Amino acid sequence: MDKINGYSIGEAKELIEYIAEGKKAGKTLSGLFAEYGREKGRAGGSVRNYYYQFLKSEDLRAKEILRGKRLRAEKIREFTEEERSEMLRKILAQRGKGYSVRRSIANVCGGDEKLMLRYQNKYRNLLKKQPELIEKTAKEMGIGQAFVRRRESDVFLQKRLEREINDLYDRLALALREENDRLKKAVEKLTEENEILRRAGSTGGKGA
């Protein structure tokens with residue numbers, strides 16, 4: 001079976017059509033990733049990762065599927081070197097106190113899930129691509145020995161971070177849907193109240 005980055009051509013077409021139609025309807029990408037994932041039995045985060053990978057694909061079949069869809073990757077705000085260094089030191093300071101990566105990032109971000117998502121993504125990328133930077137920074141802070149791990153432990157941590165990142169995306173998507181539902185109900189209520197007032201005003205005018 002022909003595939004594009006792991007999805008069959010049919011699955012890829014279906015996903016892109018789903019996202020394109022959802023965007024036209026005013027839905028958020030996070031919500032669409034979560035909804036599609038639930039329908040297909042996939043994690044919302046993995047759907048998100050596939051979608052962005054697909055947008056950047058040089059495969060001619062992918063380009064053909066995307067033709068006319070007007071889909072493009074949203075611009076991601078990159079970390080400056082100073083931001084990266086500050087983030088890393090804050091996380092490692094918490095790690096030095098014995099907290100897990102997830103708890104360390106939650107402490108640093110004060111429970112802000114959007115910021116936690118950004119930090120977890122960055123930390124995961126550093127762990128995968130620049131583990132020496134994490135170890136160097138930890139040693140500079142006097143906590144280096146706690147971060148000398150076997151490769152198997154690093155792989156396990158990466159997978160755990162990936163799961164936590166997917167969970168964060170799903171929670172954010174749910175929060176957005178709930179907020180949209182709340183606003184929709186508020187608008188419907190106001191519309192009903194306005195209609196009642198309009199009818200009352202119309203009736204009052206006729207009586208005069």
# chains A, B, ... in the order shown; residues from 1 in each chain; ligands from 1

call {"tool": "residues_around", "arguments": {"residues": "Arg84 of chain A", "least_positions_apart": "6", "cutoff": "12 Å", "atoms": "only C-alpha atoms", "output": "ChimeraX atom specification"}}
result
/A:78,90-91,118-123,125-126,133-134,137

call {"tool": "write_last_selection", "arguments": {"atoms": "C-alpha atoms", "output": "mmCIF file, in the first residue's frame"}}
result
data_model
loop_
_atom_site.group_PDB
_atom_site.id
_atom_site.type_symbol
_atom_site.label_atom_id
_atom_site.label_comp_id
_atom_site.auth_asym_id
_atom_site.auth_seq_id
_atom_site.Cartn_x
_atom_site.Cartn_y
_atom_site.Cartn_z
ATOM 1 C CA GLU A 78 11.005 30.433 18.339
ATOM 2 C CA LYS A 90 14.631 27.102 35.781
ATOM 3 C CA ILE A 91 13.608 23.547 34.892
ATOM 4 C CA ARG A 118 5.735 25.267 24.831
ATOM 5 C CA TYR A 119 8.335 24.372 27.468
ATOM 6 C CA GLN A 120 7.706 20.625 27.222
ATOM 7 C CA ASN A 121 8.104 20.719 23.443
ATOM 8 C CA LYS A 122 11.356 22.639 23.738
ATOM 9 C CA TYR A 123 12.755 20.478 26.528
ATOM 10 C CA ASN A 125 13.699 18.667 21.527
ATOM 11 C CA LEU A 126 16.742 19.527 23.626
ATOM 12 C CA LEU A 133 23.540 21.068 26.537
ATOM 13 C CA ILE A 134 21.237 19.820 29.308
ATOM 14 C CA THR A 137 23.997 23.334 32.117
#

call {"tool": "residues_around", "arguments": {"residues": "Phe54 of chain A", "least_positions_apart": "6", "cutoff": "10 Å", "atoms": "only C-alpha atoms", "output": "PyMOL selection string"}}
result
chain A and resi 4-5+7+12+16+48+62-63+65-66+73

call {"tool": "residues_around", "arguments": {"residues": "Arg70 of chain A", "least_positions_apart": "5", "cutoff": "12 Å", "atoms": "only C-alpha atoms", "output": "list in words"}}
result
Ile16, Glu17, Ile19, Ala20, Glu21, Lys23, Lys24, Leu55, Lys63 and Ile65 of chain A

call {"tool": "closest_residue", "arguments": {"among": "A:Ala93, A:Leu127, A:Val187, A:Leu60", "to": "Ile9 of chain A", "atoms": "only C-alpha atoms"}}
result
A:Leu60
